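**Q** Dropping in run.cif, with mmCIF, C-alpha atoms.
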```cif
data_run
loop_
_atom_site.group_PDB
_atom_site.id
_atom_site.type_symbol
_atom_site.label_atom_id
_atom_site.label_comp_id
_atom_site.auth_asym_id
_atom_site.auth_seq_id
_atom_site.Cartn_x
_atom_site.Cartn_y
_atom_site.Cartn_z
ATOM 1 C CA MET A 1 -100.564 -102.270 -48.102
ATOM 2 C CA THR A 2 -98.325 -99.660 -46.558
ATOM 3 C CA ASP A 3 -99.382 -98.333 -43.189
ATOM 4 C CA THR A 4 -100.095 -94.632 -43.724
ATOM 5 C CA ILE A 5 -101.158 -93.784 -40.168
ATOM 6 C CA LEU A 6 -98.804 -91.676 -38.037
ATOM 7 C CA SER A 7 -99.193 -91.350 -34.277
ATOM 8 C CA PRO A 8 -97.349 -88.336 -32.859
ATOM 9 C CA ILE A 9 -94.702 -88.908 -30.237
ATOM 10 C CA PRO A 10 -93.572 -86.396 -27.594
ATOM 11 C CA LEU A 11 -90.886 -84.007 -28.834
ATOM 12 C CA THR A 12 -87.596 -84.640 -27.048
ATOM 13 C CA PRO A 13 -84.097 -83.342 -27.862
ATOM 14 C CA GLN A 14 -82.829 -86.897 -28.201
ATOM 15 C CA ASP A 15 -85.437 -88.098 -30.693
ATOM 16 C CA PHE A 16 -85.380 -84.811 -32.622
ATOM 17 C CA ALA A 17 -81.578 -84.579 -32.860
ATOM 18 C CA PRO A 18 -81.331 -85.959 -36.429
ATOM 19 C CA TYR A 19 -83.643 -83.172 -37.632
ATOM 20 C CA GLY A 20 -82.923 -80.130 -35.507
ATOM 21 C CA ASP A 21 -82.862 -78.489 -32.092
ATOM 22 C CA VAL A 22 -85.537 -78.367 -29.385
ATOM 23 C CA LEU A 23 -85.670 -74.867 -27.887
ATOM 24 C CA ALA A 24 -86.894 -74.971 -24.299
ATOM 25 C CA ALA A 25 -86.072 -73.777 -20.791
ATOM 26 C CA GLU A 26 -84.425 -77.026 -19.786
ATOM 27 C CA GLY A 27 -80.873 -77.969 -18.918
ATOM 28 C CA ASP A 28 -77.838 -75.771 -18.431
ATOM 29 C CA HIS A 29 -78.432 -72.065 -17.870
ATOM 30 C CA VAL A 30 -77.012 -68.967 -16.250
ATOM 31 C CA MET A 31 -78.818 -66.603 -13.910
ATOM 32 C CA ILE A 32 -79.116 -63.009 -15.133
ATOM 33 C CA ASN A 33 -80.964 -59.848 -14.086
ATOM 34 C CA GLU A 34 -79.954 -60.123 -10.432
ATOM 35 C CA GLY A 35 -81.422 -63.621 -10.145
ATOM 36 C CA TRP A 36 -84.796 -62.906 -11.751
ATOM 37 C CA CYS A 37 -84.158 -64.675 -15.054
ATOM 38 C CA LYS A 38 -82.614 -67.898 -16.345
ATOM 39 C CA ARG A 39 -80.800 -67.706 -19.675
ATOM 40 C CA PHE A 40 -80.595 -70.952 -21.674
ATOM 41 C CA HIS A 41 -77.875 -69.762 -23.964
ATOM 42 C CA ASP A 42 -77.466 -70.200 -27.708
ATOM 43 C CA ARG A 43 -79.647 -73.260 -28.213
ATOM 44 C CA ALA A 44 -80.066 -73.321 -32.005
ATOM 45 C CA ARG A 45 -77.661 -74.164 -34.810
ATOM 46 C CA LEU A 46 -78.519 -71.250 -37.109
ATOM 47 C CA GLU A 47 -77.254 -71.705 -40.651
ATOM 48 C CA THR A 48 -77.371 -69.707 -43.858
ATOM 49 C CA ASP A 49 -75.274 -69.675 -46.986
ATOM 50 C CA ASP A 50 -72.987 -66.679 -47.507
ATOM 51 C CA ALA A 51 -75.557 -64.910 -49.693
ATOM 52 C CA GLY A 52 -78.157 -64.947 -46.926
ATOM 53 C CA ARG A 53 -78.557 -63.700 -43.375
ATOM 54 C CA ALA A 54 -80.734 -64.649 -40.418
ATOM 55 C CA GLY A 55 -83.947 -62.672 -39.940
ATOM 56 C CA ILE A 56 -87.130 -62.746 -37.881
ATOM 57 C CA SER A 57 -90.520 -63.119 -39.527
ATOM 58 C CA ILE A 58 -93.963 -63.717 -38.041
ATOM 59 C CA PHE A 59 -96.121 -66.584 -39.325
ATOM 60 C CA HIS A 60 -99.873 -66.706 -38.741
ATOM 61 C CA ALA A 61 -101.151 -70.148 -39.721
ATOM 62 C CA GLN A 62 -104.626 -71.664 -39.639
ATOM 63 C CA PRO A 63 -105.000 -74.487 -37.100
ATOM 64 C CA ARG A 64 -105.360 -78.061 -38.311
ATOM 65 C CA HIS A 65 -107.289 -80.868 -36.640
ATOM 66 C CA PHE A 66 -106.886 -84.613 -36.162
ATOM 67 C CA PRO A 67 -107.026 -86.734 -38.225
ATOM 68 C CA TYR A 68 -104.608 -84.574 -40.253
ATOM 69 C CA ARG A 69 -103.865 -85.675 -43.807
ATOM 70 C CA PHE A 70 -100.878 -84.441 -45.804
ATOM 71 C CA ASP A 71 -98.823 -85.522 -48.773
ATOM 72 C CA LEU A 72 -96.374 -82.622 -49.099
ATOM 73 C CA ILE A 73 -93.041 -82.090 -47.385
ATOM 74 C CA GLU A 74 -90.451 -79.432 -48.090
ATOM 75 C CA ARG A 75 -86.945 -78.383 -47.193
ATOM 76 C CA HIS A 76 -84.744 -75.313 -47.304
ATOM 77 C CA PRO A 77 -81.341 -76.106 -48.797
ATOM 78 C CA LEU A 78 -79.787 -72.720 -47.998
ATOM 79 C CA GLY A 79 -80.502 -72.329 -44.295
ATOM 80 C CA SER A 80 -82.019 -73.449 -41.011
ATOM 81 C CA GLN A 81 -85.541 -72.512 -39.924
ATOM 82 C CA ALA A 82 -86.689 -71.993 -36.340
ATOM 83 C CA PHE A 83 -90.343 -71.974 -35.228
ATOM 84 C CA LEU A 84 -90.970 -70.201 -31.941
ATOM 85 C CA PRO A 85 -94.611 -70.440 -30.838
ATOM 86 C CA MET A 86 -96.114 -67.216 -29.462
ATOM 87 C CA THR A 87 -98.698 -69.268 -27.550
ATOM 88 C CA GLN A 88 -98.614 -72.179 -25.099
ATOM 89 C CA HIS A 89 -100.503 -74.471 -27.469
ATOM 90 C CA PRO A 90 -98.784 -77.706 -28.527
ATOM 91 C CA PHE A 91 -98.192 -77.969 -32.277
ATOM 92 C CA LEU A 92 -97.339 -80.777 -34.671
ATOM 93 C CA VAL A 93 -93.846 -81.154 -36.086
ATOM 94 C CA ILE A 94 -93.570 -83.484 -39.065
ATOM 95 C CA VAL A 95 -90.143 -84.415 -40.400
ATOM 96 C CA ALA A 96 -88.609 -87.069 -42.645
ATOM 97 C CA ALA A 97 -85.087 -88.429 -42.909
ATOM 98 C CA GLU A 98 -85.215 -88.059 -46.693
ATOM 99 C CA ALA A 99 -87.672 -87.468 -49.502
ATOM 100 C CA GLY A 100 -89.886 -90.528 -49.756
ATOM 101 C CA ALA A 101 -89.020 -91.843 -46.307
ATOM 102 C CA ARG A 102 -91.725 -92.553 -43.751
ATOM 103 C CA PRO A 103 -92.391 -89.276 -41.894
ATOM 104 C CA VAL A 104 -92.153 -88.886 -38.134
ATOM 105 C CA ALA A 105 -94.751 -86.783 -36.299
ATOM 106 C CA PHE A 106 -93.783 -85.066 -33.048
ATOM 107 C CA LEU A 107 -96.085 -83.183 -30.688
ATOM 108 C CA THR A 108 -94.640 -80.309 -28.650
ATOM 109 C CA ASN A 109 -95.551 -79.866 -24.983
ATOM 110 C CA GLY A 110 -96.551 -76.194 -25.179
ATOM 111 C CA ARG A 111 -93.213 -74.888 -23.890
ATOM 112 C CA GLN A 112 -90.998 -75.817 -26.845
ATOM 113 C CA GLY A 113 -89.820 -74.217 -30.042
ATOM 114 C CA ILE A 114 -87.828 -75.994 -32.714
ATOM 115 C CA ASN A 115 -85.002 -75.208 -35.112
ATOM 116 C CA LEU A 116 -84.903 -77.312 -38.261
ATOM 117 C CA HIS A 117 -81.358 -77.819 -39.463
ATOM 118 C CA ARG A 118 -80.495 -76.752 -42.985
ATOM 119 C CA GLY A 119 -81.929 -79.182 -45.497
ATOM 120 C CA THR A 120 -84.242 -81.102 -43.118
ATOM 121 C CA TRP A 121 -87.376 -82.373 -44.840
ATOM 122 C CA HIS A 122 -90.471 -81.218 -42.931
ATOM 123 C CA GLY A 123 -94.200 -80.703 -43.190
ATOM 124 C CA VAL A 124 -95.653 -77.221 -43.296
ATOM 125 C CA LEU A 125 -96.307 -75.332 -40.073
ATOM 126 C CA THR A 126 -99.102 -77.164 -38.242
ATOM 127 C CA PRO A 127 -100.680 -75.441 -35.247
ATOM 128 C CA LEU A 128 -103.584 -77.226 -33.583
ATOM 129 C CA ALA A 129 -105.324 -74.217 -31.984
ATOM 130 C CA GLU A 130 -106.033 -70.545 -32.577
ATOM 131 C CA PRO A 131 -104.097 -68.345 -32.888
ATOM 132 C CA GLY A 132 -101.436 -70.123 -34.934
ATOM 133 C CA LEU A 133 -98.826 -67.448 -34.226
ATOM 134 C CA PHE A 134 -95.108 -68.134 -34.505
ATOM 135 C CA ALA A 135 -91.930 -66.124 -34.695
ATOM 136 C CA VAL A 136 -89.710 -67.672 -37.356
ATOM 137 C CA VAL A 137 -85.952 -67.264 -37.610
ATOM 138 C CA ASP A 138 -84.736 -68.292 -41.017
ATOM 139 C CA ARG A 139 -82.610 -67.283 -43.957
ATOM 140 C CA ILE A 140 -83.412 -63.989 -45.626
ATOM 141 C CA GLY A 141 -81.989 -63.570 -49.098
ATOM 142 C CA THR A 142 -82.404 -64.241 -52.774
ATOM 143 C CA GLY A 143 -81.926 -67.623 -54.405
ATOM 144 C CA VAL A 144 -84.049 -70.764 -54.469
ATOM 145 C CA ASN A 145 -84.420 -71.904 -50.862
ATOM 146 C CA LEU A 146 -87.401 -74.240 -51.230
ATOM 147 C CA GLU A 147 -87.644 -77.817 -52.451
ATOM 148 C CA GLU A 148 -90.887 -79.765 -52.281
ATOM 149 C CA TYR A 149 -91.658 -83.465 -52.373
ATOM 150 C CA ARG A 150 -95.115 -84.965 -52.763
ATOM 151 C CA TYR A 151 -95.794 -88.491 -51.559
ATOM 152 C CA ALA A 152 -97.660 -90.827 -53.907
ATOM 153 C CA GLN A 153 -100.235 -91.413 -51.161
ATOM 154 C CA PRO A 154 -101.196 -89.172 -48.255
ATOM 155 C CA TRP A 155 -100.250 -89.758 -44.626
ATOM 156 C CA THR A 156 -102.752 -89.372 -41.810
ATOM 157 C CA VAL A 157 -101.732 -88.148 -38.358
ATOM 158 C CA VAL A 158 -104.104 -89.295 -35.635
ATOM 159 C CA ASP A 159 -104.475 -88.025 -32.103
ATOM 160 C CA GLN A 160 -102.080 -89.451 -29.533
ATOM 161 C CA GLY A 161 -103.474 -92.623 -28.060
ATOM 162 C CA ALA A 162 -106.150 -92.914 -30.729
ATOM 163 C CA ARG A 163 -104.359 -95.807 -32.353
ATOM 164 C CA SER A 164 -103.288 -98.133 -29.585
ATOM 165 C CA MET B 19 -90.007 -33.135 -6.793
ATOM 166 C CA THR B 20 -89.651 -35.147 -9.972
ATOM 167 C CA ASP B 21 -92.623 -37.299 -10.933
ATOM 168 C CA THR B 22 -91.376 -40.877 -10.700
ATOM 169 C CA ILE B 23 -94.617 -42.612 -11.668
ATOM 170 C CA LEU B 24 -94.823 -44.289 -15.094
ATOM 171 C CA SER B 25 -98.106 -45.348 -16.632
ATOM 172 C CA PRO B 26 -97.647 -47.890 -19.445
ATOM 173 C CA ILE B 27 -98.919 -47.054 -22.887
ATOM 174 C CA PRO B 28 -99.962 -49.548 -25.581
ATOM 175 C CA LEU B 29 -97.060 -50.774 -27.700
ATOM 176 C CA THR B 30 -97.359 -49.524 -31.277
ATOM 177 C CA PRO B 31 -94.788 -49.576 -34.090
ATOM 178 C CA GLN B 32 -95.007 -45.800 -34.389
ATOM 179 C CA ASP B 33 -94.348 -45.010 -30.732
ATOM 180 C CA PHE B 34 -91.704 -47.734 -30.425
ATOM 181 C CA ALA B 35 -89.806 -46.794 -33.601
ATOM 182 C CA PRO B 36 -87.059 -44.785 -31.824
ATOM 183 C CA TYR B 37 -86.193 -47.876 -29.768
ATOM 184 C CA GLY B 38 -86.812 -50.894 -31.933
ATOM 185 C CA ASP B 39 -89.222 -53.015 -33.959
ATOM 186 C CA VAL B 40 -92.632 -54.401 -33.011
ATOM 187 C CA LEU B 41 -92.953 -57.996 -34.253
ATOM 188 C CA ALA B 42 -96.578 -58.887 -34.931
ATOM 189 C CA ALA B 43 -98.876 -60.396 -37.561
ATOM 190 C CA GLU B 44 -99.986 -57.021 -38.865
ATOM 191 C CA GLY B 45 -99.507 -55.267 -42.175
ATOM 192 C CA ASP B 46 -97.965 -56.520 -45.393
ATOM 193 C CA HIS B 47 -97.601 -60.267 -45.806
ATOM 194 C CA VAL B 48 -97.459 -63.042 -48.357
ATOM 195 C CA MET B 49 -99.541 -66.222 -48.362
ATOM 196 C CA ILE B 50 -97.566 -69.470 -48.154
ATOM 197 C CA ASN B 51 -98.318 -73.170 -47.638
ATOM 198 C CA GLU B 52 -101.096 -73.230 -50.233
ATOM 199 C CA GLY B 53 -102.990 -70.446 -48.503
ATOM 200 C CA TRP B 54 -102.858 -71.819 -44.957
ATOM 201 C CA CYS B 55 -100.265 -69.387 -43.581
ATOM 202 C CA LYS B 56 -99.468 -65.683 -43.710
ATOM 203 C CA ARG B 57 -95.789 -64.742 -43.673
ATOM 204 C CA PHE B 58 -94.952 -61.274 -42.301
ATOM 205 C CA HIS B 59 -91.466 -61.195 -43.721
ATOM 206 C CA ASP B 60 -88.210 -60.005 -42.165
ATOM 207 C CA ARG B 61 -89.617 -57.680 -39.517
ATOM 208 C CA ALA B 62 -86.566 -57.058 -37.323
ATOM 209 C CA ARG B 63 -83.394 -55.078 -37.853
ATOM 210 C CA LEU B 64 -80.949 -57.657 -36.500
ATOM 211 C CA GLU B 65 -77.506 -56.236 -35.780
ATOM 212 C CA THR B 66 -74.235 -57.582 -34.463
ATOM 213 C CA ASP B 67 -70.642 -56.456 -34.740
ATOM 214 C CA ASP B 68 -68.352 -58.527 -36.971
ATOM 215 C CA ALA B 69 -67.062 -60.543 -34.016
ATOM 216 C CA GLY B 70 -70.564 -61.760 -33.124
ATOM 217 C CA ARG B 71 -73.392 -63.680 -34.741
ATOM 218 C CA ALA B 72 -77.126 -63.936 -34.141
ATOM 219 C CA GLY B 73 -78.332 -66.813 -31.987
ATOM 220 C CA ILE B 74 -81.467 -68.044 -30.251
ATOM 221 C CA SER B 75 -81.620 -68.410 -26.482
ATOM 222 C CA ILE B 76 -84.535 -69.118 -24.152
ATOM 223 C CA PHE B 77 -85.210 -66.837 -21.175
ATOM 224 C CA HIS B 78 -87.338 -67.924 -18.228
ATOM 225 C CA ALA B 79 -88.059 -64.903 -16.051
ATOM 226 C CA GLN B 80 -90.050 -64.511 -12.845
ATOM 227 C CA PRO B 81 -93.208 -62.436 -13.269
ATOM 228 C CA ARG B 82 -93.393 -58.950 -11.745
ATOM 229 C CA HIS B 83 -96.472 -57.169 -10.421
ATOM 230 C CA PHE B 84 -97.809 -53.634 -10.346
ATOM 231 C CA PRO B 85 -96.732 -51.313 -8.842
ATOM 232 C CA TYR B 86 -93.334 -52.285 -10.296
ATOM 233 C CA ARG B 87 -90.294 -50.384 -9.010
ATOM 234 C CA PHE B 88 -86.951 -50.322 -10.808
ATOM 235 C CA ASP B 89 -83.837 -48.177 -10.914
ATOM 236 C CA LEU B 90 -81.668 -50.130 -13.376
ATOM 237 C CA ILE B 91 -81.542 -49.959 -17.142
ATOM 238 C CA GLU B 92 -79.052 -51.566 -19.489
ATOM 239 C CA ARG B 93 -78.010 -51.669 -23.119
ATOM 240 C CA HIS B 94 -76.080 -53.896 -25.489
ATOM 241 C CA PRO B 95 -73.587 -51.867 -27.535
ATOM 242 C CA LEU B 96 -72.609 -54.732 -29.854
ATOM 243 C CA GLY B 97 -75.967 -55.958 -31.110
ATOM 244 C CA SER B 98 -79.752 -55.940 -31.231
ATOM 245 C CA GLN B 99 -81.913 -58.045 -28.899
ATOM 246 C CA ALA B 100 -85.316 -59.489 -29.759
ATOM 247 C CA PHE B 101 -87.814 -60.785 -27.168
ATOM 248 C CA LEU B 102 -90.382 -63.217 -28.556
ATOM 249 C CA PRO B 103 -92.952 -64.254 -25.937
ATOM 250 C CA MET B 104 -93.819 -67.975 -25.884
ATOM 251 C CA THR B 105 -97.158 -67.150 -24.240
ATOM 252 C CA GLN B 106 -100.070 -64.831 -24.996
ATOM 253 C CA HIS B 107 -99.537 -62.805 -21.816
ATOM 254 C CA PRO B 108 -98.839 -59.076 -22.207
ATOM 255 C CA PHE B 109 -95.460 -57.992 -20.839
ATOM 256 C CA LEU B 110 -93.864 -54.695 -19.894
ATOM 257 C CA VAL B 111 -91.275 -53.052 -22.133
ATOM 258 C CA ILE B 112 -89.296 -50.258 -20.512
ATOM 259 C CA VAL B 113 -86.961 -48.151 -22.630
ATOM 260 C CA ALA B 114 -85.169 -44.804 -22.370
ATOM 261 C CA ALA B 115 -83.846 -42.448 -25.014
ATOM 262 C CA GLU B 116 -80.569 -42.161 -23.133
ATOM 263 C CA ALA B 117 -79.023 -42.944 -19.769
ATOM 264 C CA GLY B 118 -80.655 -40.667 -17.198
ATOM 265 C CA ALA B 119 -83.622 -39.783 -19.395
ATOM 266 C CA ARG B 120 -87.168 -40.373 -18.191
ATOM 267 C CA PRO B 121 -88.079 -43.985 -19.113
ATOM 268 C CA VAL B 122 -91.084 -44.930 -21.215
ATOM 269 C CA ALA B 123 -93.145 -47.993 -20.267
ATOM 270 C CA PHE B 124 -95.005 -49.891 -22.991
ATOM 271 C CA LEU B 125 -97.449 -52.755 -22.504
ATOM 272 C CA THR B 126 -97.730 -55.397 -25.234
ATOM 273 C CA ASN B 127 -101.116 -56.728 -26.320
ATOM 274 C CA GLY B 128 -100.293 -60.436 -26.015
ATOM 275 C CA ARG B 129 -99.602 -60.892 -29.724
ATOM 276 C CA GLN B 130 -96.389 -58.849 -30.026
ATOM 277 C CA GLY B 131 -92.691 -59.438 -29.756
ATOM 278 C CA ILE B 132 -90.068 -56.710 -29.846
ATOM 279 C CA ASN B 133 -86.591 -56.207 -31.225
ATOM 280 C CA LEU B 134 -84.466 -53.644 -29.407
ATOM 281 C CA HIS B 135 -82.081 -51.907 -31.763
ATOM 282 C CA ARG B 136 -78.378 -52.050 -30.973
ATOM 283 C CA GLY B 137 -77.565 -49.733 -28.091
ATOM 284 C CA THR B 138 -81.143 -49.034 -26.944
ATOM 285 C CA TRP B 139 -81.393 -48.461 -23.181
ATOM 286 C CA HIS B 140 -83.995 -50.787 -21.683
ATOM 287 C CA GLY B 141 -85.221 -52.325 -18.467
ATOM 288 C CA VAL B 142 -84.731 -56.004 -17.769
ATOM 289 C CA LEU B 143 -87.211 -58.546 -19.112
ATOM 290 C CA THR B 144 -90.504 -57.973 -17.283
ATOM 291 C CA PRO B 145 -93.237 -60.579 -17.713
ATOM 292 C CA LEU B 146 -96.422 -60.055 -15.717
ATOM 293 C CA ALA B 147 -97.652 -63.666 -15.537
ATOM 294 C CA GLU B 148 -96.367 -67.220 -15.302
ATOM 295 C CA PRO B 149 -94.632 -68.684 -17.195
ATOM 296 C CA GLY B 150 -92.277 -65.853 -18.170
ATOM 297 C CA LEU B 151 -90.984 -67.728 -21.199
ATOM 298 C CA PHE B 152 -89.349 -65.932 -24.124
ATOM 299 C CA ALA B 153 -87.236 -66.843 -27.103
ATOM 300 C CA VAL B 154 -84.471 -64.272 -27.438
ATOM 301 C CA VAL B 155 -82.527 -63.502 -30.593
ATOM 302 C CA ASP B 156 -79.393 -61.583 -29.780
ATOM 303 C CA ARG B 157 -75.686 -61.400 -30.364
ATOM 304 C CA ILE B 158 -73.613 -64.435 -29.437
ATOM 305 C CA GLY B 159 -69.918 -63.782 -29.057
ATOM 306 C CA THR B 160 -67.128 -62.654 -26.791
ATOM 307 C CA GLY B 161 -66.557 -59.049 -25.802
ATOM 308 C CA VAL B 162 -68.309 -56.704 -23.391
ATOM 309 C CA ASN B 163 -71.884 -56.381 -24.638
ATOM 310 C CA LEU B 164 -73.545 -55.002 -21.494
ATOM 311 C CA GLU B 165 -73.663 -51.481 -20.063
ATOM 312 C CA GLU B 166 -75.761 -50.634 -17.023
ATOM 313 C CA TYR B 167 -77.098 -47.372 -15.640
ATOM 314 C CA ARG B 168 -78.677 -46.930 -12.233
ATOM 315 C CA TYR B 169 -81.041 -44.022 -11.625
ATOM 316 C CA ALA B 170 -80.504 -41.961 -8.476
ATOM 317 C CA GLN B 171 -84.125 -42.646 -7.528
ATOM 318 C CA PRO B 172 -86.384 -45.534 -8.502
ATOM 319 C CA TRP B 173 -89.249 -45.341 -10.962
ATOM 320 C CA THR B 174 -92.609 -46.941 -10.277
ATOM 321 C CA VAL B 175 -94.750 -48.405 -13.044
ATOM 322 C CA VAL B 176 -98.437 -48.485 -12.141
ATOM 323 C CA ASP B 177 -101.230 -50.424 -13.783
ATOM 324 C CA GLN B 178 -102.820 -48.849 -16.833
ATOM 325 C CA GLY B 179 -105.608 -46.550 -15.800
ATOM 326 C CA ALA B 180 -104.553 -46.611 -12.158
ATOM 327 C CA ARG B 181 -103.266 -43.079 -12.415
ATOM 328 C CA SER B 182 -105.888 -41.079 -14.251
#
```
Please go through the file and, once you have read it, give me the structure as structure tokens.
**A**
Amino acid sequence: MTDTILSPIPLTPQDFAPYGDVLAAEGDHVMINEGWCKRFHDRARLETDDAGRAGISIFHAQPRHFPYRFDLIERHPLGSQAFLPMTQHPFLVIVAAEAGARPVAFLTNGRQGINLHRGTWHGVLTPLAEPGLFAVVDRIGTGVNLEEYRYAQPWTVVDQGARS
Amino acid sequence: MTDTILSPIPLTPQDFAPYGDVLAAEGDHVMINEGWCKRFHDRARLETDDAGRAGISIFHAQPRHFPYRFDLIERHPLGSQAFLPMTQHPFLVIVAAEAGARPVAFLTNGRQGINLHRGTWHGVLTPLAEPGLFAVVDRIGTGVNLEEYRYAQPWTVVDQGARS
């Protein structure tokens, strides 16, 4: 029987690199505003097709709880999609290398946003606490920018440490 | 003698309209993710010149405290600039209709980002609590995209209600 339990791992730029960018105040930066502010410059690979453009939307999602079951993943073939939390609450990031592949569950540390590269398979937005508020930078435009894949059996994400 | 005291007013889309967009989970939206998420679609007027492109950076600014004194404002002639707080802490937004004009101080409600329209005069990023973490969507590109103006005398922003 296939193991359908997923245990989230900490989100790091290295582990997340195949799927997208981690957006955080870490690494190289410049000082601006007379020394009062660090700028971590241009951290996301924003992509859209020529018919689209980047825009900012606000998402307000209901929190989920562990154990979290899902069977649906999706991807956006025409552009990247960034999720910028407007709270300090960690959230779940579920991705998959391809449709049908075993998903990977990441948990943010409360000071991280993400940018999913164009075409990355991912679970829907999954906050774990109220309010599930995010600024989203993604492609605005006409055309079919959503593909969905449903697994034959659901996956269950358990709390970190609950499995070992 | 000119009154140099500013008392912040609540940030509303109506009052902020001459300067930019308020980005919040309010108003028209569509339901996505099988009813789990509200999408408030395409809320910012993103602008760049043809030589630039929109990008996402992370700003980490030191918090300020009331009474807050400043004499410098700036603007970006080549593009818009959005500030998306990664916390639920209210922050100060200082803008001016033109260089030399009396500034206006807004206070966010902890669930709002802003997008400054191209060329809007504004104060530097002004969080009021740790951590002063923001995702910023602005123009990435070469060219001179910063103008500064220094008032002959400083302005002082006092806490709401401290003045009346």
**Q** For chain B versus chain A, which residues have an atom no more than 8 Å away, and what is each residue's nearest atom pair and distance in Å rounded to one decimal, using all atoms listed in the file, chain-then-number order, as CSV?
**A**
```
residue,atom,partner,partner_atom,distance
B:Leu41,CA,A:Ile58,CA,6.9
B:Ala42,CA,A:Ile58,CA,6.3
B:Ala43,CA,A:Ile58,CA,5.9
B:Asn51,CA,A:Val124,CA,6.5
B:Trp54,CA,A:Gln62,CA,5.6
B:Cys55,CA,A:Ala61,CA,4.0
B:Lys56,CA,A:His60,CA,5.1
B:Arg57,CA,A:Phe59,CA,4.7
B:Phe58,CA,A:Ile58,CA,5.0
B:His59,CA,A:Ser57,CA,4.7
B:Asp60,CA,A:Ser57,CA,4.7
B:Arg61,CA,A:Ser57,CA,5.5
B:Ala62,CA,A:Ile56,CA,5.7
B:Arg63,CA,A:Gly55,CA,7.9
B:Leu64,CA,A:Gly55,CA,6.8
B:Ala72,CA,A:Ala54,CA,7.3
B:Gly73,CA,A:Asp42,CA,5.5
B:Ile74,CA,A:Asp42,CA,5.2
B:Ser75,CA,A:Asp42,CA,4.7
B:Ile76,CA,A:Phe40,CA,5.0
B:Phe77,CA,A:Arg39,CA,4.7
B:His78,CA,A:Lys38,CA,5.1
B:Ala79,CA,A:Cys37,CA,4.0
B:Gln80,CA,A:Trp36,CA,5.6
B:Leu102,CA,A:Ala135,CA,7.0
B:Pro103,CA,A:Met86,CA,5.6
B:Met104,CA,A:Met86,CA,4.3
B:Thr105,CA,A:Thr87,CA,4.2
B:Gln106,CA,A:Thr87,CA,5.3
B:Arg129,CA,A:Met86,CA,7.2
B:Val142,CA,A:Asn33,CA,6.5
B:Leu143,CA,A:Cys37,CA,8.0
B:Leu151,CA,A:Ala25,CA,7.8
B:Ala153,CA,A:Leu84,CA,7.0
B:Ile158,CA,A:Asp42,CA,7.1
```
**Q** Give me the residues near Glu98 of chain A as a list in words, where near means some atom within 10 Å (using only C-alpha atoms) and where sequence neighbours in that chain fewer than 3 positions away do not count.
**A**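 Near neighbours after the sequence-gap exclusion: Ile73, Arg75, Val95, Ala101, Arg102, Pro103, Gly119, Thr120, Trp121, His122 and Tyr149 of chain A.
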**Q** Using the chain letters and numbers from this file, what does the PyMOL selection byres ((chain A and resi 116) around 8) select? Give the answer as a list in words.
**A**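 Here the PyMOL selection byres ((chain A and resi 116) around 8) matches Tyr19, Gly20, Asp21, Ser80, Gln81, Ala82, Ile114, Asn115, His117, Arg118 and Thr120 of chain A.
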**Q** With C-alpha atoms retained, write the just-selected residues as a PDB file, in the frame of the given file.
**A**
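Contents of result.pdb, as written:
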```pdb
ATOM      1  CA  TYR A  19     -83.643 -83.172 -37.632  1.00  0.00           C
ATOM      2  CA  GLY A  20     -82.923 -80.130 -35.507  1.00  0.00           C
ATOM      3  CA  ASP A  21     -82.862 -78.489 -32.092  1.00  0.00           C
ATOM      4  CA  SER A  80     -82.019 -73.449 -41.011  1.00  0.00           C
ATOM      5  CA  GLN A  81     -85.541 -72.512 -39.924  1.00  0.00           C
ATOM      6  CA  ALA A  82     -86.689 -71.993 -36.340  1.00  0.00           C
ATOM      7  CA  ILE A 114     -87.828 -75.994 -32.714  1.00  0.00           C
ATOM      8  CA  ASN A 115     -85.002 -75.208 -35.112  1.00  0.00           C
ATOM      9  CA  HIS A 117     -81.358 -77.819 -39.463  1.00  0.00           C
ATOM     10  CA  ARG A 118     -80.495 -76.752 -42.985  1.00  0.00           C
ATOM     11  CA  THR A 120     -84.242 -81.102 -43.118  1.00  0.00           C
TER      12      THR A 120
END
```
**Q** Please compute the atom CA of Leu146 of chain A-atom CA of Pro18 of chain A distance, one decimal, in Å.
**A**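 Distance between the two atoms: 19.8 Å.
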**Q** Give the answer as one residue: which of B:Gly97, B:Pro145, B:Pro85, B:Pro28 has the shortest atom-to-atom distance to Asp67 of chain B, using all atoms listed in the file?
**A**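 Closest residue, counting all atoms listed in the file: B:Gly97.
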**Q** Identify the residues within 8 Å of coordinate (-102.6, -83.5, -37.2) (same frame as the file), considering all atoms listed in the file, and give the answer as JSON, numbers by chain.
**A** {"A": [64, 65, 66, 67, 68, 69, 92, 126, 128, 156, 157, 158, 159]}
**Q** What is the distance, in Å and to one decimal place, between atom CA of Pro13 of chain A and atom CA of Thr66 of chain B?
**A**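 Pair atom CA of Pro13 of chain A / atom CA of Thr66 of chain B returns 28.4 Å.
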**Q** Which residue out of B:Asp46, B:Ala114, B:Gly70, B:Leu24 has the minimum interatomic distance to Gly161 of chain B when all atoms listed in the file are used?
**A**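 Of all the options, B:Gly70 lies closest to Gly161 of chain B.
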**Q** Rounded to one decimal place, report the atom CA of Ser25 of chain B-atom CA of Thr126 of chain B distance in Å.
**A**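 Atom-to-atom, atom CA of Ser25 of chain B and atom CA of Thr126 of chain B are spaced 13.2 Å apart.
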**Q** Might you pull out every residue within 8 Å of Ile9 of chain A, with only C-alpha atoms counted and same-chain residues fewer than 2 positions away left off, and present them as an MDAnalysis selection string?
**A** chainID A and resid 7 11 105:107 160
**Q** Choose the residue, out of A:Ile5, A:Phe16, A:Gly27, A:Pro90, that has the smallest atom-to-atom separation from Glu130 of chain A; count all atoms listed in the file.
**A**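 Going through A:Ile5, A:Phe16, A:Gly27, A:Pro90 one by one, the smallest distance to Glu130 of chain A is for A:Pro90.
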